[in-house]
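The structure appears below as structure tokens.
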Amino acid sequence: MPRLAALLGALAALVLVTTAHADTWREHPEWGRTFAQAHLRGTLLVYEEDTKTMHVFDAARARHPYLPASTFKIFNAMVAIDTGAVTDEFETIPWDGTVRSIGGKPMAEWNRANSLASGMRYSTVWFYKEVARRAGQQRMQAWIDKADYGNHDISGGIDRFWLDGGLRISAEQQVGFLRRLADGTLPFSARAQEIARRITVYESAPTYELHAKTGWGTNAAQDNADPTKASDIGWYVGWVEHDGKRWFFAMNIDIRNPEDAGKRVTLARQMLQDLGAFGPR
């Protein structure tokens with residue numbers, strides 16, 4: 001009995017220690033007002049590593065899975081490196097000559113040869129489709145399973161599953177994935193993860209560094225509880241490094257018109273600034 005009592009005591013102490021170090025979720029109703037003022041429905045989840053705090057507006061939505069759209073390019077880039085689809089972030093794949101446009105306007109950055117780096121910067125869809133085809137269904141599924149990415153479902157075509165196929169991921173899962181990438185603890189090679197970190201640097205300033213990727217899924221919110229509210233889904237994910245600290249974030253919004261898409265970055269930066277991610281609050 002004394003031994004059992006000691007064991008139970010040790011177990012209780014372990015639970016207390018684990019609980020003490022668990023992430024704290026903190027709701028920010030004031031962010032709801034920010035979304036409302038922008039006439040947007042969405043969620044923002046920010047993990048403040050220093051305080052182990054998950055700052056969130058609409059925790060339920062932050063746990064709801066959606067198509068990752070172009071945020072999947074981060075994962076796809078590492079698959080491309082570790083399967084040999086391309087040798088590095090600078091190897092280009094020739095443009096196929098098909099003129100691609102957005103809103104009727106030809107995209108000059110897409111209508112030319114691209115690399116992992118330029119394809120990430122300009123979100124070149126055809127390039128990342130091609131490297132996924134080179135990786136193939138079997139190897140892609142193996143990497144998805146090893147990395148425990150989203151719901152693991154790559155049905156719908158090897159070059160479409162993240163755009164309009166079966167793959168789903170939540171904002172909470174996006175943040176978890178990005179934390180592992182930043183720490184270099186994903187199952188990919190150290191080289192592939194380092195390349196992914198380099199090509200996701202969107203802004204580098206004297207006092208901070210921003211890694212980020214947008215995504216826009218057409219009619220990607222069709223799995224909402226109310227099908228009449230189906231809309232496109234807009235993502236903005238990444239992390240900020242400042243003064244030896246890191247803030248990991250994932251925002252998704254319903255996009256009902258093109259103007260909504262342009263608000264993602266502005267709103268996320270505003271709320272990240274409120275947390276001190278870019279400097280003094």
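Order determines the names: the first chain of the structure tokens is A, the second B, and so forth; residues in each chain are numbered 1 upward, and ligands are numbered 1 upward as they are shown.
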- Which neighbours of Trp31 of chain A fall inside 10 Å, counting only C-alpha atoms, when residues of the same chain fewer than 6 positions from it are skipped, and could you give them as JSON, numbers by chain? {"A": [37, 43, 44, 56, 57, 58, 267, 268, 270, 271, 274]}
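The environment of segment 241-256 of chain A within 6 Å, counting only C-alpha atoms and disregarding residues fewer than 5 places along the same chain, consists of Arg41, Gly42, Thr43, Leu44, Leu45, Val46, Tyr47, Glu48, Glu49, Ala171, Val175, Tyr208, Glu209, Ser231, Asp232, Ile233, Gly234, Trp235 and Tyr236 of chain A.
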- Item | Proximity to Leu163 of chain A - best of A:Leu186, A:Val131, A:Val125, A:Ile195, only C-alpha atoms | A:Val125
- Message: Would you pick out the contacts of segment 140-150 of chain A at 8 Å or less, using only C-alpha atoms, so that residues sharing its chain but fewer than 3 positions from it are not included, and give the list as a list in words?
- Response: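 The contact residues come out as Pro65, Val79, Ala132, Ala135, Gly136, Gln137, Asp153, Ile154, Leu167, Arg168, Ile169, Ser170, Gln173, Phe177, Leu186 and Pro187 of chain A.
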Expected file contents, prior selection, all heavy atoms, as a short mmCIF file (atom, residue, chain, number, x, y, z; two decimals), in the first residue's frame:
```cif
data_model
loop_
_atom_site.label_atom_id
_atom_site.label_comp_id
_atom_site.auth_asym_id
_atom_site.auth_seq_id
_atom_site.Cartn_x
_atom_site.Cartn_y
_atom_site.Cartn_z
N PRO A 65 -11.83 22.03 -39.78
CA PRO A 65 -10.94 21.82 -40.93
C PRO A 65 -11.51 22.35 -42.24
O PRO A 65 -12.70 22.22 -42.51
CB PRO A 65 -10.80 20.29 -40.97
CG PRO A 65 -12.09 19.78 -40.41
CD PRO A 65 -12.54 20.79 -39.38
N VAL A 79 8.20 17.95 -49.81
CA VAL A 79 8.05 16.69 -50.54
C VAL A 79 8.87 16.75 -51.83
O VAL A 79 9.56 15.79 -52.19
CB VAL A 79 6.56 16.43 -50.86
CG1 VAL A 79 6.43 15.20 -51.77
CG2 VAL A 79 5.76 16.23 -49.58
N ALA A 132 4.06 18.02 -57.52
CA ALA A 132 3.24 16.98 -56.88
C ALA A 132 3.10 15.78 -57.81
O ALA A 132 3.18 14.62 -57.35
CB ALA A 132 1.87 17.54 -56.52
N ALA A 135 6.25 13.82 -57.65
CA ALA A 135 6.35 13.04 -56.41
C ALA A 135 5.47 11.79 -56.49
O ALA A 135 5.88 10.71 -56.06
CB ALA A 135 5.95 13.90 -55.22
N GLY A 136 4.28 11.92 -57.04
CA GLY A 136 3.39 10.79 -57.20
C GLY A 136 2.50 10.53 -55.99
O GLY A 136 2.83 10.90 -54.86
N GLN A 137 1.39 9.85 -56.25
CA GLN A 137 0.39 9.59 -55.23
C GLN A 137 0.93 8.80 -54.04
O GLN A 137 0.71 9.15 -52.88
CB GLN A 137 -0.78 8.81 -55.85
CG GLN A 137 -1.98 8.62 -54.94
CD GLN A 137 -2.98 9.75 -55.04
OE1 GLN A 137 -2.87 10.61 -55.91
NE2 GLN A 137 -3.96 9.76 -54.15
N ASP A 153 -6.22 12.96 -46.15
CA ASP A 153 -6.99 12.54 -47.31
C ASP A 153 -6.53 13.26 -48.57
O ASP A 153 -6.77 14.46 -48.73
CB ASP A 153 -8.48 12.83 -47.05
CG ASP A 153 -9.39 12.34 -48.18
OD1 ASP A 153 -8.87 11.88 -49.22
OD2 ASP A 153 -10.62 12.44 -48.01
N ILE A 154 -5.86 12.54 -49.48
CA ILE A 154 -5.39 13.18 -50.71
C ILE A 154 -6.18 12.69 -51.92
O ILE A 154 -5.67 12.68 -53.05
CB ILE A 154 -3.87 13.00 -50.92
CG1 ILE A 154 -3.50 11.54 -51.13
CG2 ILE A 154 -3.10 13.58 -49.74
CD1 ILE A 154 -2.04 11.36 -51.60
N LEU A 167 -8.43 16.85 -48.96
CA LEU A 167 -7.58 17.28 -47.87
C LEU A 167 -8.22 18.42 -47.07
O LEU A 167 -8.75 19.37 -47.64
CB LEU A 167 -6.21 17.73 -48.39
CG LEU A 167 -5.13 17.94 -47.33
CD1 LEU A 167 -4.83 16.64 -46.57
CD2 LEU A 167 -3.84 18.46 -47.98
N ARG A 168 -8.15 18.32 -45.75
CA ARG A 168 -8.68 19.34 -44.84
C ARG A 168 -7.69 19.56 -43.70
O ARG A 168 -7.03 18.62 -43.25
CB ARG A 168 -10.04 18.93 -44.25
CG ARG A 168 -11.15 18.70 -45.25
CD ARG A 168 -11.62 20.01 -45.85
NE ARG A 168 -12.80 19.83 -46.71
CZ ARG A 168 -12.76 19.45 -47.98
NH1 ARG A 168 -11.59 19.19 -48.55
NH2 ARG A 168 -13.88 19.34 -48.68
N ILE A 169 -7.61 20.79 -43.23
CA ILE A 169 -6.75 21.13 -42.10
C ILE A 169 -7.37 22.31 -41.35
O ILE A 169 -8.00 23.19 -41.97
CB ILE A 169 -5.31 21.45 -42.56
CG1 ILE A 169 -4.34 21.50 -41.37
CG2 ILE A 169 -5.26 22.75 -43.38
CD1 ILE A 169 -2.87 21.55 -41.78
N SER A 170 -7.21 22.33 -40.05
CA SER A 170 -7.76 23.42 -39.23
C SER A 170 -6.67 24.45 -38.95
O SER A 170 -5.47 24.19 -39.14
CB SER A 170 -8.29 22.87 -37.91
OG SER A 170 -7.22 22.38 -37.11
N GLN A 173 -4.34 22.98 -36.44
CA GLN A 173 -3.37 22.07 -37.04
C GLN A 173 -2.32 22.81 -37.85
O GLN A 173 -1.15 22.41 -37.88
CB GLN A 173 -4.10 21.06 -37.93
CG GLN A 173 -4.94 20.05 -37.17
CD GLN A 173 -5.79 19.20 -38.09
OE1 GLN A 173 -6.42 19.70 -39.04
NE2 GLN A 173 -5.85 17.91 -37.83
N PHE A 177 1.69 22.45 -37.25
CA PHE A 177 2.61 22.12 -38.35
C PHE A 177 3.72 23.15 -38.47
O PHE A 177 4.91 22.81 -38.60
CB PHE A 177 1.80 22.03 -39.65
CG PHE A 177 2.63 21.98 -40.90
CD1 PHE A 177 3.37 20.86 -41.22
CD2 PHE A 177 2.68 23.07 -41.76
CE1 PHE A 177 4.14 20.81 -42.38
CE2 PHE A 177 3.43 23.04 -42.91
CZ PHE A 177 4.17 21.91 -43.23
N LEU A 186 9.87 18.13 -38.12
CA LEU A 186 9.05 17.36 -39.05
C LEU A 186 9.86 16.17 -39.57
O LEU A 186 11.10 16.17 -39.48
CB LEU A 186 8.60 18.25 -40.22
CG LEU A 186 7.56 19.30 -39.90
CD1 LEU A 186 7.44 20.31 -41.04
CD2 LEU A 186 6.20 18.66 -39.62
N PRO A 187 9.21 15.14 -40.13
CA PRO A 187 9.96 13.96 -40.59
C PRO A 187 10.75 14.18 -41.87
O PRO A 187 11.47 13.28 -42.31
CB PRO A 187 8.85 12.91 -40.80
CG PRO A 187 7.62 13.71 -41.05
CD PRO A 187 7.76 14.93 -40.19
#
```
- Task: Work out how far apart atom CA of Asn114 of chain A and atom CA of Met78 of chain A are and give it in Å to one decimal.
- Result: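 Distance reported for this atom pair: 16.2 Å.
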- Task: For Ile93 of chain A, please output as an NGL selection string all residues within 12 Å (counting only C-alpha atoms; exclusion window: fewer than 6 positions along the same chain).
- Result: :A and (85-87 or 110-119 or 124 or 126-131 or 134)
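These are the residues of segment 201-267 of chain A assigned alpha helix (DSSP H) by DSSP from backbone coordinates: Pro258, Glu259, Asp260, Ala261, Lys263, Arg264, Val265, Thr266 and Leu267 of chain A.
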- Return the single residue from A:Arg264, A:Lys213, A:Arg133, A:Arg33 that is closest to Thr83 of chain A, with distances computed using only C-alpha atoms.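 Counting only C-alpha atoms, the residue closest to Thr83 of chain A is A:Arg133.
Between atom CA of Thr34 of chain A and atom CA of Gly276 of chain A the interatomic distance comes to 16.9 Å.
Counting from atom CA of Leu181 of chain A, the distance to atom CA of Arg197 of chain A is 7.4 Å.
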- Write out as a ChimeraX atom specification all residues of segment 85-223 of chain A that DSSP puts in strand (DSSP E) for this structure's backbone. /A:101-102,105-106,201-204,208-217
Would you save the residues of that selection, restricted to C-alpha atoms, as a PDB file, in the first residue's frame?
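After the write, selection.pdb holds the following:
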```pdb
ATOM      1  CA  SER A 101      -4.900  34.904 -65.380  1.00  0.00           C
ATOM      2  CA  ILE A 102      -6.646  36.069 -62.235  1.00  0.00           C
ATOM      3  CA  LYS A 105      -5.628  39.803 -65.835  1.00  0.00           C
ATOM      4  CA  PRO A 106      -2.648  37.693 -67.018  1.00  0.00           C
ATOM      5  CA  VAL A 201      10.424  34.408 -45.556  1.00  0.00           C
ATOM      6  CA  TYR A 202       8.023  37.038 -46.797  1.00  0.00           C
ATOM      7  CA  GLU A 203       9.517  40.050 -45.041  1.00  0.00           C
ATOM      8  CA  SER A 204      12.822  40.577 -43.288  1.00  0.00           C
ATOM      9  CA  TYR A 208      11.771  41.010 -37.077  1.00  0.00           C
ATOM     10  CA  GLU A 209      11.382  38.280 -39.684  1.00  0.00           C
ATOM     11  CA  LEU A 210       8.027  37.213 -41.091  1.00  0.00           C
ATOM     12  CA  HIS A 211       7.402  33.785 -42.626  1.00  0.00           C
ATOM     13  CA  ALA A 212       4.013  33.680 -44.332  1.00  0.00           C
ATOM     14  CA  LYS A 213       1.810  32.081 -46.977  1.00  0.00           C
ATOM     15  CA  THR A 214      -1.645  32.938 -48.248  1.00  0.00           C
ATOM     16  CA  GLY A 215      -4.229  30.557 -49.643  1.00  0.00           C
ATOM     17  CA  TRP A 216      -7.519  30.967 -51.493  1.00  0.00           C
ATOM     18  CA  GLY A 217      -9.803  27.970 -51.937  1.00  0.00           C
TER      19      GLY A 217
END
```
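Counting only C-alpha atoms and comparing A:Gly238, A:Pro68, A:Pro94, A:Gly156, the residue that lies closest to Gly176 of chain A is A:Gly238.
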